[in-house]
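Peer 1: Data file start-v7.cif (mmCIF, C-alpha atoms and all ligand atoms) is appended below.
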data_final
loop_
_atom_site.label_atom_id
_atom_site.label_comp_id
_atom_site.auth_asym_id
_atom_site.auth_seq_id
_atom_site.Cartn_x
_atom_site.Cartn_y
_atom_site.Cartn_z
CA LEU A 1 -165.08 -44.40 23.80
CA ASN A 2 -166.49 -45.85 20.59
CA LEU A 3 -167.06 -49.52 19.83
CA GLN A 4 -163.85 -49.84 17.88
CA ALA A 5 -161.83 -48.52 20.81
CA ILE A 6 -163.54 -50.95 23.18
CA THR A 7 -162.86 -53.91 20.87
CA LYS A 8 -159.27 -52.84 20.44
CA ASN A 9 -158.68 -52.59 24.18
CA PHE A 10 -160.36 -55.94 24.74
CA PHE A 11 -158.07 -57.78 22.31
CA LEU A 12 -154.98 -55.95 23.55
CA PHE A 13 -155.97 -57.09 27.05
CA LEU A 14 -156.38 -60.66 25.79
CA SER A 15 -152.99 -60.48 24.04
CA ASN A 16 -151.34 -60.42 27.49
CA ASN A 17 -153.28 -63.38 28.90
CA LYS A 18 -150.83 -66.14 29.92
CA THR A 19 -153.41 -68.91 30.38
CA LEU A 20 -154.89 -68.38 26.93
CA ASP A 21 -151.36 -68.25 25.53
CA ARG A 22 -150.61 -71.69 26.99
CA LEU A 23 -153.86 -73.10 25.64
CA ALA A 24 -153.09 -71.67 22.21
CA LYS A 25 -149.78 -73.54 22.09
CA ARG A 26 -151.55 -76.81 22.92
CA TYR A 27 -154.05 -76.45 20.13
CA GLY A 28 -151.65 -75.32 17.41
CA THR A 29 -152.37 -73.06 14.48
CA ARG A 30 -156.11 -73.50 14.11
CA PHE A 31 -158.94 -70.97 14.25
CA GLY A 32 -157.97 -69.18 11.05
CA VAL A 33 -154.46 -68.57 12.35
CA ASP A 34 -152.92 -70.31 9.34
CA LYS A 35 -154.11 -67.43 7.16
CA LEU A 36 -151.77 -65.12 9.08
CA VAL A 37 -148.92 -67.52 9.87
CA GLY A 38 -146.60 -69.20 7.33
CA GLY A 39 -146.31 -72.51 9.21
CA GLU A 40 -145.53 -74.04 12.57
CA THR A 41 -141.87 -74.52 11.59
CA PHE A 42 -139.55 -72.71 9.21
CA SER A 43 -139.45 -75.76 6.91
CA GLN A 44 -143.20 -75.51 6.47
CA ALA A 45 -142.84 -71.83 5.58
CA ILE A 46 -140.19 -72.39 2.87
CA PRO A 47 -142.59 -73.29 0.00
CA VAL A 48 -144.84 -70.38 0.99
CA ILE A 49 -141.88 -67.99 0.82
CA LYS A 50 -140.76 -69.46 -2.52
CA GLN A 51 -144.21 -68.83 -3.95
CA LEU A 52 -144.21 -65.21 -2.74
CA ASN A 53 -140.76 -64.69 -4.27
CA GLU A 54 -142.02 -66.11 -7.56
CA ASP A 55 -144.90 -63.64 -7.41
CA GLY A 56 -142.39 -60.79 -7.17
CA LEU A 57 -142.64 -60.19 -3.41
CA VAL A 58 -139.77 -60.32 -0.93
CA VAL A 59 -140.20 -61.56 2.62
CA THR A 60 -139.10 -61.11 6.21
CA VAL A 61 -139.72 -63.96 8.64
CA ASP A 62 -140.39 -63.77 12.32
CA HIS A 63 -140.09 -66.78 14.58
CA LEU A 64 -143.09 -66.21 16.84
CA GLY A 65 -142.48 -65.88 20.55
CA GLU A 66 -141.70 -63.02 22.88
CA PHE A 67 -140.97 -62.30 26.53
CA VAL A 68 -138.66 -65.29 26.99
CA GLU A 69 -137.80 -65.68 30.67
CA SER A 70 -135.10 -68.36 30.76
CA GLU A 71 -131.54 -68.10 29.57
CA SER A 72 -131.59 -71.56 28.01
CA GLU A 73 -134.69 -70.76 25.97
CA ALA A 74 -133.14 -67.50 24.73
CA ARG A 75 -130.01 -69.42 23.65
CA GLU A 76 -132.11 -72.07 21.91
CA ARG A 77 -133.94 -69.40 20.00
CA ALA A 78 -130.69 -67.78 18.90
CA GLN A 79 -129.46 -71.17 17.69
CA GLU A 80 -132.71 -71.66 15.81
CA ALA A 81 -132.25 -68.26 14.14
CA VAL A 82 -128.77 -69.27 12.99
CA GLU A 83 -130.14 -72.49 11.46
CA THR A 84 -132.98 -70.56 9.80
CA ILE A 85 -130.47 -68.18 8.17
CA ASP A 86 -128.61 -71.17 6.73
CA ALA A 87 -131.87 -72.64 5.44
CA MET A 88 -132.82 -69.29 3.86
CA ALA A 89 -129.53 -69.04 2.03
CA ASP A 90 -129.41 -72.75 1.07
CA ASN A 91 -132.91 -72.43 -0.43
CA LYS A 92 -131.98 -69.13 -2.15
CA LEU A 93 -134.94 -67.32 -0.62
CA ASP A 94 -135.25 -63.56 -1.04
CA CYS A 95 -135.86 -63.16 2.63
CA GLU A 96 -134.80 -61.12 5.66
CA MET A 97 -135.35 -61.91 9.31
CA SER A 98 -137.20 -59.90 11.95
CA VAL A 99 -136.47 -60.54 15.61
CA LYS A 100 -137.93 -59.49 18.94
CA LEU A 101 -135.17 -58.85 21.46
CA THR A 102 -137.32 -60.16 24.34
CA SER A 103 -137.21 -63.56 22.63
CA LEU A 104 -133.41 -63.48 22.78
CA GLY A 105 -133.04 -62.54 26.44
CA LEU A 106 -133.63 -58.77 26.63
CA ASP A 107 -135.53 -59.17 29.92
CA ILE A 108 -132.79 -61.38 31.37
CA SER A 109 -129.56 -59.48 30.70
CA ARG A 110 -128.02 -57.06 28.24
CA GLU A 111 -125.01 -59.31 27.90
CA LEU A 112 -127.12 -62.33 26.96
CA VAL A 113 -129.10 -60.54 24.27
CA LEU A 114 -125.92 -59.00 22.81
CA THR A 115 -124.13 -62.34 22.69
CA ASN A 116 -127.13 -63.93 21.00
CA MET A 117 -127.52 -61.09 18.50
CA GLU A 118 -123.83 -61.13 17.61
CA MET A 119 -123.95 -64.85 16.96
CA ILE A 120 -126.99 -64.37 14.71
CA LEU A 121 -125.56 -61.35 12.90
CA ASP A 122 -122.21 -63.07 12.28
CA LYS A 123 -124.06 -65.90 10.54
CA ALA A 124 -126.35 -63.47 8.72
CA ARG A 125 -123.39 -61.45 7.43
CA GLU A 126 -121.66 -64.61 6.26
CA ARG A 127 -124.81 -65.72 4.38
CA GLY A 128 -125.83 -62.27 3.07
CA VAL A 129 -128.98 -61.92 5.18
CA THR A 130 -130.33 -58.70 6.75
CA LEU A 131 -132.07 -58.55 10.12
CA GLN A 132 -134.54 -56.05 11.50
CA LEU A 133 -135.18 -55.58 15.21
CA ASP A 134 -138.91 -55.33 15.84
CA MET A 135 -139.95 -52.72 18.38
CA GLU A 136 -141.92 -54.01 21.36
CA ASP A 137 -143.72 -52.09 24.10
CA SER A 138 -142.48 -48.70 25.30
CA SER A 139 -140.80 -50.06 28.46
CA ARG A 140 -138.27 -51.80 26.16
CA CYS A 141 -137.84 -49.00 23.61
CA GLN A 142 -134.72 -47.38 25.03
CA ALA A 143 -132.96 -50.71 25.59
CA THR A 144 -133.81 -51.81 22.05
CA ILE A 145 -132.43 -48.58 20.57
CA ASP A 146 -129.27 -48.80 22.69
CA ILE A 147 -128.65 -52.37 21.56
CA PHE A 148 -129.34 -51.43 17.94
CA LYS A 149 -126.73 -48.64 18.12
CA GLN A 150 -124.18 -50.96 19.64
CA LEU A 151 -124.80 -53.60 16.96
CA ARG A 152 -124.98 -51.11 14.09
CA ALA A 153 -121.51 -49.85 14.96
CA LYS A 154 -120.23 -53.32 14.11
CA TYR A 155 -122.70 -54.65 11.51
CA THR A 156 -124.29 -53.10 8.42
CA ASN A 157 -126.90 -55.86 8.05
CA VAL A 158 -129.13 -54.77 10.92
CA GLY A 159 -132.17 -52.45 10.96
CA LEU A 160 -134.73 -51.30 13.51
CA VAL A 161 -138.41 -50.41 13.87
CA ILE A 162 -139.68 -47.02 15.06
CA GLN A 163 -143.34 -46.45 16.10
CA SER A 164 -145.18 -43.21 15.29
CA TYR A 165 -147.51 -43.44 18.31
CA LEU A 166 -144.61 -42.65 20.65
CA TYR A 167 -143.92 -38.95 21.31
CA ARG A 168 -140.20 -39.69 21.48
CA SER A 169 -139.84 -41.08 17.95
CA ASP A 170 -139.09 -37.82 16.16
CA LYS A 171 -136.13 -37.23 18.46
CA ASP A 172 -135.05 -40.87 18.14
CA LEU A 173 -134.93 -40.44 14.38
CA ASP A 174 -132.64 -37.41 14.78
CA GLU A 175 -130.34 -39.33 17.08
CA LEU A 176 -130.29 -42.39 14.86
CA ASP A 177 -129.52 -40.46 11.68
CA GLU A 178 -125.73 -40.69 12.11
CA TYR A 179 -126.05 -44.49 11.80
CA ASN A 180 -127.86 -44.19 8.41
CA PRO A 181 -130.23 -46.83 9.71
CA TYR A 182 -132.50 -49.09 7.72
CA LEU A 183 -135.76 -48.38 9.55
CA ARG A 184 -139.24 -49.82 9.35
CA LEU A 185 -141.63 -47.04 10.30
CA VAL A 186 -144.96 -48.23 11.75
CA LYS A 187 -147.83 -46.81 13.77
CA GLY A 188 -147.27 -49.10 16.79
CA ALA A 189 -149.21 -52.14 17.99
CA TYR A 190 -149.09 -52.18 21.81
CA LYS A 191 -151.37 -50.63 24.38
CA GLU A 192 -149.52 -47.53 25.57
CA PRO A 193 -150.54 -44.86 28.07
CA GLY A 194 -151.05 -41.19 27.25
CA VAL A 195 -147.83 -40.22 29.02
CA VAL A 196 -145.74 -41.84 26.28
CA ALA A 197 -148.00 -42.19 23.24
CA PHE A 198 -150.56 -40.34 21.14
CA GLN A 199 -154.02 -41.78 21.81
CA ASP A 200 -155.61 -40.04 18.87
CA LYS A 201 -155.40 -41.94 15.56
CA ASP A 202 -155.07 -38.73 13.54
CA MET A 203 -152.00 -37.75 15.52
CA VAL A 204 -150.45 -41.20 15.05
CA ASP A 205 -151.09 -40.98 11.31
CA ARG A 206 -149.75 -37.45 11.05
CA ASN A 207 -146.64 -38.39 12.97
CA LEU A 208 -146.04 -41.43 10.76
CA LYS A 209 -146.09 -39.20 7.68
CA GLN A 210 -143.62 -36.82 9.33
CA LEU A 211 -141.28 -39.66 10.25
CA ILE A 212 -141.44 -41.13 6.74
CA LYS A 213 -140.67 -37.74 5.25
CA LYS A 214 -137.80 -37.01 7.61
CA HIS A 215 -136.16 -40.39 7.20
CA MET A 216 -136.47 -40.40 3.42
CA LEU A 217 -135.22 -36.84 3.06
CA ASN A 218 -132.29 -37.73 5.30
CA GLY A 219 -131.37 -40.14 2.53
CA ASN A 220 -131.86 -43.28 4.59
CA TYR A 221 -133.37 -46.51 3.31
CA THR A 222 -136.96 -46.57 4.51
CA ALA A 223 -139.47 -49.36 4.97
CA VAL A 224 -143.04 -48.20 5.42
CA GLY A 225 -144.78 -50.90 7.50
CA SER A 226 -148.47 -50.20 6.97
CA HIS A 227 -151.63 -51.45 5.27
CA ASP A 228 -153.02 -47.95 5.18
CA GLU A 229 -153.39 -46.60 1.65
CA GLU A 230 -153.12 -43.07 2.95
CA MET A 231 -149.58 -43.82 4.19
CA ILE A 232 -148.67 -45.71 1.04
CA ASN A 233 -149.90 -42.96 -1.29
CA PHE A 234 -148.18 -40.34 0.82
CA THR A 235 -144.88 -42.23 0.43
CA LYS A 236 -145.31 -42.68 -3.33
CA GLU A 237 -146.08 -38.99 -3.83
CA LEU A 238 -143.22 -37.87 -1.63
CA ALA A 239 -140.79 -40.06 -3.58
CA GLU A 240 -142.07 -38.70 -6.85
CA GLU A 241 -141.92 -35.07 -5.73
CA GLN A 242 -138.44 -35.40 -4.28
CA GLY A 243 -137.02 -37.63 -7.01
CA ILE A 244 -136.29 -40.46 -4.56
CA PRO A 245 -135.75 -43.64 -6.60
CA LYS A 246 -137.74 -46.81 -5.92
CA ASP A 247 -134.67 -48.65 -4.68
CA ARG A 248 -134.41 -46.30 -1.67
CA PHE A 249 -137.61 -47.40 0.05
CA GLU A 250 -140.01 -50.30 0.31
CA PHE A 251 -143.46 -51.20 1.59
CA GLN A 252 -143.87 -53.90 4.20
CA MET A 253 -147.16 -55.61 5.01
CA LEU A 254 -148.16 -58.54 7.14
CA TYR A 255 -148.63 -61.94 5.56
CA GLY A 256 -152.28 -62.54 4.71
CA MET A 257 -153.30 -58.88 4.77
CA ARG A 258 -154.20 -56.82 1.72
CA ASN A 259 -152.82 -59.41 -0.70
CA LYS A 260 -154.14 -57.59 -3.73
CA LEU A 261 -152.55 -54.31 -2.72
CA GLN A 262 -149.24 -56.14 -2.12
CA HIS A 263 -149.29 -57.60 -5.62
CA ASP A 264 -150.46 -54.36 -7.26
CA LEU A 265 -147.61 -52.38 -5.70
CA ALA A 266 -145.09 -55.00 -6.77
CA LYS A 267 -146.42 -54.81 -10.33
CA GLU A 268 -145.96 -51.02 -10.23
CA GLY A 269 -142.28 -51.69 -9.54
CA TYR A 270 -142.17 -51.04 -5.80
CA THR A 271 -140.40 -53.39 -3.44
CA VAL A 272 -143.01 -55.09 -1.27
CA ARG A 273 -141.85 -57.15 1.67
CA VAL A 274 -144.24 -59.59 3.32
CA TYR A 275 -143.75 -60.01 7.06
CA MET A 276 -144.33 -63.68 7.70
CA PRO A 277 -144.53 -65.09 11.19
CA TYR A 278 -144.03 -68.81 11.78
CA GLY A 279 -143.94 -71.03 14.85
CA MET A 280 -146.26 -72.24 17.58
CA GLU A 281 -146.38 -69.10 19.68
CA TRP A 282 -148.89 -67.19 17.60
CA TYR A 283 -151.21 -66.11 20.38
CA GLY A 284 -149.95 -62.59 21.25
CA TYR A 285 -149.30 -61.80 17.58
CA TYR A 286 -152.76 -62.91 16.54
CA MET A 287 -154.55 -61.01 19.30
CA ARG A 288 -152.76 -57.77 18.37
CA ARG A 289 -153.90 -58.24 14.77
CA LEU A 290 -157.48 -58.77 15.92
CA ALA A 291 -157.23 -55.62 18.01
CA GLU A 292 -156.09 -53.62 14.99
CA ARG A 293 -158.82 -54.60 12.66
CA PRO A 294 -162.31 -55.81 13.53
CA ALA A 295 -162.60 -57.34 10.04
CA ASN A 296 -159.88 -59.80 11.10
CA ILE A 297 -162.24 -61.06 13.79
CA ALA A 298 -164.75 -62.01 11.12
CA PHE A 299 -162.21 -64.16 9.32
CA ALA A 300 -161.01 -65.69 12.58
CA VAL A 301 -164.58 -66.73 13.34
CA LYS A 302 -164.95 -68.13 9.82
CA GLY A 303 -161.77 -70.12 10.44
CA ILE A 304 -163.26 -71.68 13.57
CA PHE A 305 -166.45 -72.79 11.86
CA SER A 306 -164.90 -73.92 8.59
CA ARG A 307 -163.20 -76.92 10.26
P1 LIG B 1 -154.37 -49.10 10.48
O1 LIG B 1 -154.67 -50.29 11.34
O2 LIG B 1 -154.12 -47.79 11.12
O3 LIG B 1 -155.52 -48.96 9.41
C1 LIG B 1 -155.67 -47.80 8.61
C2 LIG B 1 -156.56 -48.08 7.43
O4 LIG B 1 -155.90 -48.97 6.53
C3 LIG B 1 -157.86 -48.79 7.76
O5 LIG B 1 -158.83 -47.90 8.16
C4 LIG B 1 -158.15 -49.47 6.44
O6 LIG B 1 -158.71 -48.54 5.55
C5 LIG B 1 -156.82 -49.86 5.95
N1 LIG B 1 -156.45 -51.24 6.35
C6 LIG B 1 -155.65 -51.60 7.36
N2 LIG B 1 -155.50 -52.94 7.42
C7 LIG B 1 -156.25 -53.43 6.42
C8 LIG B 1 -156.51 -54.76 5.97
N3 LIG B 1 -155.98 -55.83 6.56
N4 LIG B 1 -157.34 -54.90 4.92
C9 LIG B 1 -157.91 -53.84 4.31
N5 LIG B 1 -157.69 -52.56 4.70
C10 LIG B 1 -156.87 -52.36 5.74
N6 LIG B 1 -145.83 -52.72 15.42
C11 LIG B 1 -144.97 -52.60 16.44
O7 LIG B 1 -145.34 -52.05 17.48
N7 LIG B 1 -143.71 -53.09 16.34
C12 LIG B 1 -143.24 -53.69 15.22
O8 LIG B 1 -142.08 -54.11 15.16
C13 LIG B 1 -144.15 -53.82 14.11
N8 LIG B 1 -143.77 -54.43 12.96
C14 LIG B 1 -144.63 -54.42 11.87
C15 LIG B 1 -144.21 -54.94 10.64
C16 LIG B 1 -145.03 -54.81 9.51
C17 LIG B 1 -144.55 -55.34 8.20
C18 LIG B 1 -146.32 -54.22 9.63
C19 LIG B 1 -147.21 -54.06 8.46
C20 LIG B 1 -146.74 -53.76 10.86
C21 LIG B 1 -145.92 -53.87 11.99
N9 LIG B 1 -146.35 -53.41 13.22
C22 LIG B 1 -145.44 -53.33 14.26
C23 LIG B 1 -147.80 -53.12 13.44
C24 LIG B 1 -148.11 -51.65 13.25
O9 LIG B 1 -147.56 -50.92 14.30
C25 LIG B 1 -149.64 -51.42 13.22
O10 LIG B 1 -150.17 -51.82 14.46
C26 LIG B 1 -150.37 -52.17 12.13
O11 LIG B 1 -149.64 -52.23 10.94
C27 LIG B 1 -151.73 -51.49 11.86
O12 LIG B 1 -151.55 -50.21 11.33
P2 LIG B 1 -151.68 -49.88 9.76
O13 LIG B 1 -150.77 -48.76 9.47
O14 LIG B 1 -151.40 -51.13 8.99
O15 LIG B 1 -153.16 -49.47 9.48
#
Rewrite the coordinates I just gave you, this time as structure tokens.
Peer 2:
Amino acid sequence: LNLQAITKNFFLFLSNNKTLDRLAKRYGTRFGVDKLVGGETFSQAIPVIKQLNEDGLVVTVDHLGEFVESESEARERAQEAVETIDAMADNKLDCEMSVKLTSLGLDISRELVLTNMEMILDKARERGVTLQLDMEDSSRCQATIDIFKQLRAKYTNVGLVIQSYLYRSDKDLDELDEYNPYLRLVKGAYKEPGVVAFQDKDMVDRNLKQLIKKHMLNGNYTAVGSHDEEMINFTKELAEEQGIPKDRFEFQMLYGMRNKLQHDLAKEGYTVRVYMPYGMEWYGYYMRRLAERPANIAFAVKGIFSR
């Protein structure tokens, strides 16, 4: 185990800590968090999104929060999503929405999460907004895919995320192909055991390239969710080789990460979508980002001491 692996495991462990999560909510978006989060409310994020749009970048927003345990909270969050979609359209933002099904009741009941998603997607369809279902940990993967399929049969404005660290993803791509899904392909951010996921970074990288290739050659719209230049260059070269036009794929990166690369790609004529979280519940999100990249820890520490 090298130092990077130890650090990663430590922050992934912290990301599940309920006490720290509660504390985080009390203290708000301090400690450098505001560099990775668009605001504590959607209204605060609107000018930030407008600026990104003016700079030639498109956006997807994520109302922070996951693992909701009460039905009333899941319903409130669905209502909030509906209002956010109206605000997006009223403000003419070039913006999609990403959602975590556990925030809409996935752990409570299938019926609840479906009712909430249908309400959100009805509004989104009416206002011309697209949604993407984030993928959470492997214990929720099958349920998330099942719900996606059910929704996709009825709505065209819904996409999904697939993670290359899972062994199952290649087969999932085959099974999803008949839906011509809009997929965001990522490496995967949760701590997963060797029985379900590659532990070796090279294997995760290799699998991501294979998934990108398969999905693009299947003719499906592809979002590559990665800050890794190796993945980005691979995608560009593949598109060039295969004559896949730039309007058939896009790059997605997290807000506050690799800003220069985001702008450079946009200037080259690629669609670049910035994933912007907002809200008070930043703790789990932030800890997973620290786990991914030790350099993020340095700027978190700077954030603490610069106030
Ligand atoms: P990785 O962390 O593997 O880094 C590879 C290399 O890229 C580094 O060695 C470095 O050279 C370079 N690099 C990476 N980050 C950099 C930075 N900030 N600055 C400079 N260089 C950097 N996960 C999940 O499980 N479910 C989901 O729904 C999503 N959704 C999602 C949306 C979007 C838009 C993104 C970008 C990512 C996700 N993820 C996710 C997270 C994803 O699974 C993964 O954990 C992270 O993106 C980290 O992997 P990367 O491919 O970005 O590079």
Peer 1: Can you tell me which residues come within 7 Å of ligand LIG 1 (chain B) when counting all atoms listed in the file, ideally as a list in words?
Peer 2: Asp134, Met135, Glu136, Asp137, Val161, Gln163, Val186, Lys187, Gly188, Ala189, Tyr190, Gly225, Ser226, His227, Asp228, Glu229, Gln252, Met253, Leu254, Met257, Arg258, Val274, Tyr275, Glu292 and Arg293 of chain A
Peer 1: Keeping only C-alpha atoms, write the selected residues to a file as a PDB file, keeping the file's coordinate frame.
Peer 2:
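Contents of part16.pdb, as written:
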ATOM      1  CA  ASP A 134    -138.910 -55.330  15.840  1.00  0.00           C
ATOM      2  CA  MET A 135    -139.950 -52.720  18.380  1.00  0.00           C
ATOM      3  CA  GLU A 136    -141.920 -54.010  21.360  1.00  0.00           C
ATOM      4  CA  ASP A 137    -143.720 -52.090  24.100  1.00  0.00           C
ATOM      5  CA  VAL A 161    -138.410 -50.410  13.870  1.00  0.00           C
ATOM      6  CA  GLN A 163    -143.340 -46.450  16.100  1.00  0.00           C
ATOM      7  CA  VAL A 186    -144.960 -48.230  11.750  1.00  0.00           C
ATOM      8  CA  LYS A 187    -147.830 -46.810  13.770  1.00  0.00           C
ATOM      9  CA  GLY A 188    -147.270 -49.100  16.790  1.00  0.00           C
ATOM     10  CA  ALA A 189    -149.210 -52.140  17.990  1.00  0.00           C
ATOM     11  CA  TYR A 190    -149.090 -52.180  21.810  1.00  0.00           C
ATOM     12  CA  GLY A 225    -144.780 -50.900   7.500  1.00  0.00           C
ATOM     13  CA  SER A 226    -148.470 -50.200   6.970  1.00  0.00           C
ATOM     14  CA  HIS A 227    -151.630 -51.450   5.270  1.00  0.00           C
ATOM     15  CA  ASP A 228    -153.020 -47.950   5.180  1.00  0.00           C
ATOM     16  CA  GLU A 229    -153.390 -46.600   1.650  1.00  0.00           C
ATOM     17  CA  GLN A 252    -143.870 -53.900   4.200  1.00  0.00           C
ATOM     18  CA  MET A 253    -147.160 -55.610   5.010  1.00  0.00           C
ATOM     19  CA  LEU A 254    -148.160 -58.540   7.140  1.00  0.00           C
ATOM     20  CA  MET A 257    -153.300 -58.880   4.770  1.00  0.00           C
ATOM     21  CA  ARG A 258    -154.200 -56.820   1.720  1.00  0.00           C
ATOM     22  CA  VAL A 274    -144.240 -59.590   3.320  1.00  0.00           C
ATOM     23  CA  TYR A 275    -143.750 -60.010   7.060  1.00  0.00           C
ATOM     24  CA  GLU A 292    -156.090 -53.620  14.990  1.00  0.00           C
ATOM     25  CA  ARG A 293    -158.820 -54.600  12.660  1.00  0.00           C
TER      26      ARG A 293
END
Peer 1: CA of Glu175 (chain A) and CA of Lys214 (chain A) are how many Å apart?
Peer 2: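 Computed distance, CA of Glu175 (chain A) to CA of Lys214 (chain A), equals 12.3 Å.
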Peer 1: Check which residues of region 71-113 of chain A sit at most 9 Å from region 38-50 of chain A using all atoms listed in the file, and return one row each with the closest pair of atoms and their distance in Å to one decimal, ordered by chain and rising number, as a Markdown table.
Peer 2:
| residue | atom | partner | partner_atom | distance |
| --- | --- | --- | --- | --- |
| A:Thr84 | CA | A:Phe42 | CA | 6.9 |
| A:Ala87 | CA | A:Ser43 | CA | 8.3 |
| A:Met88 | CA | A:Ile46 | CA | 8.1 |
| A:Asn91 | CA | A:Ile46 | CA | 8.0 |
| A:Lys92 | CA | A:Lys50 | CA | 8.8 |
| A:Leu93 | CA | A:Lys50 | CA | 6.5 |
| A:Asp94 | CA | A:Ile49 | CA | 8.2 |
| A:Cys95 | CA | A:Ile49 | CA | 7.9 |
Peer 1: Out of A:Ile120, A:Leu104, A:Val37, A:Met203, which residue has the shortest atom-to-atom distance to Tyr165 (chain A) when counting only C-alpha atoms?
Peer 2: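 Result for the nearest residue to Tyr165 (chain A): A:Met203.
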Peer 1: With all atoms listed in the file as the basis for distance, which of A:Ser15, A:Ser109, A:Ser164, A:Ser103 is at the shortest distance from Tyr283 (chain A)?
Peer 2: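 Of the candidates, the smallest distance to Tyr283 (chain A) is held by A:Ser15.
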Peer 1: In the coordinate frame of the file, compute which residues have an atom within 9 Å of (-140.4, -59.3, 25.8) when using only C-alpha atoms, and state them as a PDB file with C-alpha atoms, in the frame of the given file.
Peer 2:
ATOM      1  CA  GLY A  65    -142.480 -65.880  20.550  1.00  0.00           C
ATOM      2  CA  GLU A  66    -141.700 -63.020  22.880  1.00  0.00           C
ATOM      3  CA  PHE A  67    -140.970 -62.300  26.530  1.00  0.00           C
ATOM      4  CA  VAL A  68    -138.660 -65.290  26.990  1.00  0.00           C
ATOM      5  CA  GLU A  69    -137.800 -65.680  30.670  1.00  0.00           C
ATOM      6  CA  LYS A 100    -137.930 -59.490  18.940  1.00  0.00           C
ATOM      7  CA  LEU A 101    -135.170 -58.850  21.460  1.00  0.00           C
ATOM      8  CA  THR A 102    -137.320 -60.160  24.340  1.00  0.00           C
ATOM      9  CA  SER A 103    -137.210 -63.560  22.630  1.00  0.00           C
ATOM     10  CA  LEU A 104    -133.410 -63.480  22.780  1.00  0.00           C
ATOM     11  CA  GLY A 105    -133.040 -62.540  26.440  1.00  0.00           C
ATOM     12  CA  LEU A 106    -133.630 -58.770  26.630  1.00  0.00           C
ATOM     13  CA  ASP A 107    -135.530 -59.170  29.920  1.00  0.00           C
ATOM     14  CA  GLU A 136    -141.920 -54.010  21.360  1.00  0.00           C
ATOM     15  CA  ASP A 137    -143.720 -52.090  24.100  1.00  0.00           C
ATOM     16  CA  ARG A 140    -138.270 -51.800  26.160  1.00  0.00           C
TER      17      ARG A 140
END
Peer 1: Ranking A:Arg273, A:Asn116, A:Lys35, A:Ala124 by minimum distance to Ile147 (chain A) and counting only C-alpha atoms, which one comes first?
Peer 2: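 Ranking A:Arg273, A:Asn116, A:Lys35, A:Ala124 by distance to Ile147 (chain A), first place goes to A:Asn116.
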Peer 1: Can you measure CA of Asn16 (chain A) to CA of Tyr286 (chain A) for me? One decimal in Å is fine.
Peer 2: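 These two atoms are separated by 11.3 Å.
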Peer 1: Taking only C-alpha atoms into account, name the residue in A:Gly269, A:Gly56, A:Gly159, A:Gly256 that is nearest to Met97 (chain A).
Peer 2: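 Of A:Gly269, A:Gly56, A:Gly159, A:Gly256, the one nearest Met97 (chain A), counting only C-alpha atoms, is A:Gly159.
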Peer 1: Which one is closest to Leu160 (chain A): A:Leu112, A:Ala223, A:Ile6, A:Leu121? Count all atoms listed in the file.
Peer 2: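 Result for the nearest residue to Leu160 (chain A): A:Ala223.
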Peer 1: Mind giving me the straight-line distance from CA of His63 (chain A) to CA of Val82 (chain A) in Å, one decimal?
Peer 2: 11.7 Å
Peer 1: Using all atoms listed in the file, determine which residues lie at most 8 Å from Ile85 (chain A), disregarding the query and same-chain residues fewer than 5 positions distant; provide the list as a PyMOL selection string.
Peer 2: chain A and resi 123-124+127+129
Peer 1: Have a look at A:Gln199, A:Tyr182, A:Glu192, A:Ser70 and name the one nearest to Arg248 (chain A); count only C-alpha atoms.
Peer 2: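 Between A:Gln199, A:Tyr182, A:Glu192, A:Ser70, the residue approaching Arg248 (chain A) most closely is A:Tyr182.
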Peer 1: Name all residues at most 10 Å from Ser169 (chain A) (count only C-alpha atoms; drop same-chain ones fewer than 3 positions away) and give them as a list in words.
Peer 2: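 Selected residues are Cys141, Ile162, Gln163, Ser164, Tyr165, Leu166, Asp172, Leu173, Asp174, Glu175, Leu185, Ala197, Asn207, Leu208 and Leu211 of chain A.
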Peer 1: What would the file be for region 145-159 of chain A if you keep C-alpha atoms and write it as a PDB file, in the first residue's frame?
Peer 2:
ATOM      1  CA  ILE A 145     -30.075   0.944 -13.715  1.00  0.00           C
ATOM      2  CA  ASP A 146     -33.532  -0.628 -13.353  1.00  0.00           C
ATOM      3  CA  ILE A 147     -35.075   2.740 -12.542  1.00  0.00           C
ATOM      4  CA  PHE A 148     -33.220   4.377 -15.422  1.00  0.00           C
ATOM      5  CA  LYS A 149     -34.621   1.787 -17.863  1.00  0.00           C
ATOM      6  CA  GLN A 150     -38.123   2.276 -16.564  1.00  0.00           C
ATOM      7  CA  LEU A 151     -37.846   6.062 -16.876  1.00  0.00           C
ATOM      8  CA  ARG A 152     -36.078   5.975 -20.245  1.00  0.00           C
ATOM      9  CA  ALA A 153     -38.968   4.004 -21.716  1.00  0.00           C
ATOM     10  CA  LYS A 154     -41.150   7.038 -21.028  1.00  0.00           C
ATOM     11  CA  TYR A 155     -38.747  10.013 -21.216  1.00  0.00           C
ATOM     12  CA  THR A 156     -35.993  10.969 -23.656  1.00  0.00           C
ATOM     13  CA  ASN A 157     -34.538  13.665 -21.376  1.00  0.00           C
ATOM     14  CA  VAL A 158     -32.854  11.317 -18.913  1.00  0.00           C
ATOM     15  CA  GLY A 159     -29.309   9.913 -18.855  1.00  0.00           C
TER      16      GLY A 159
END
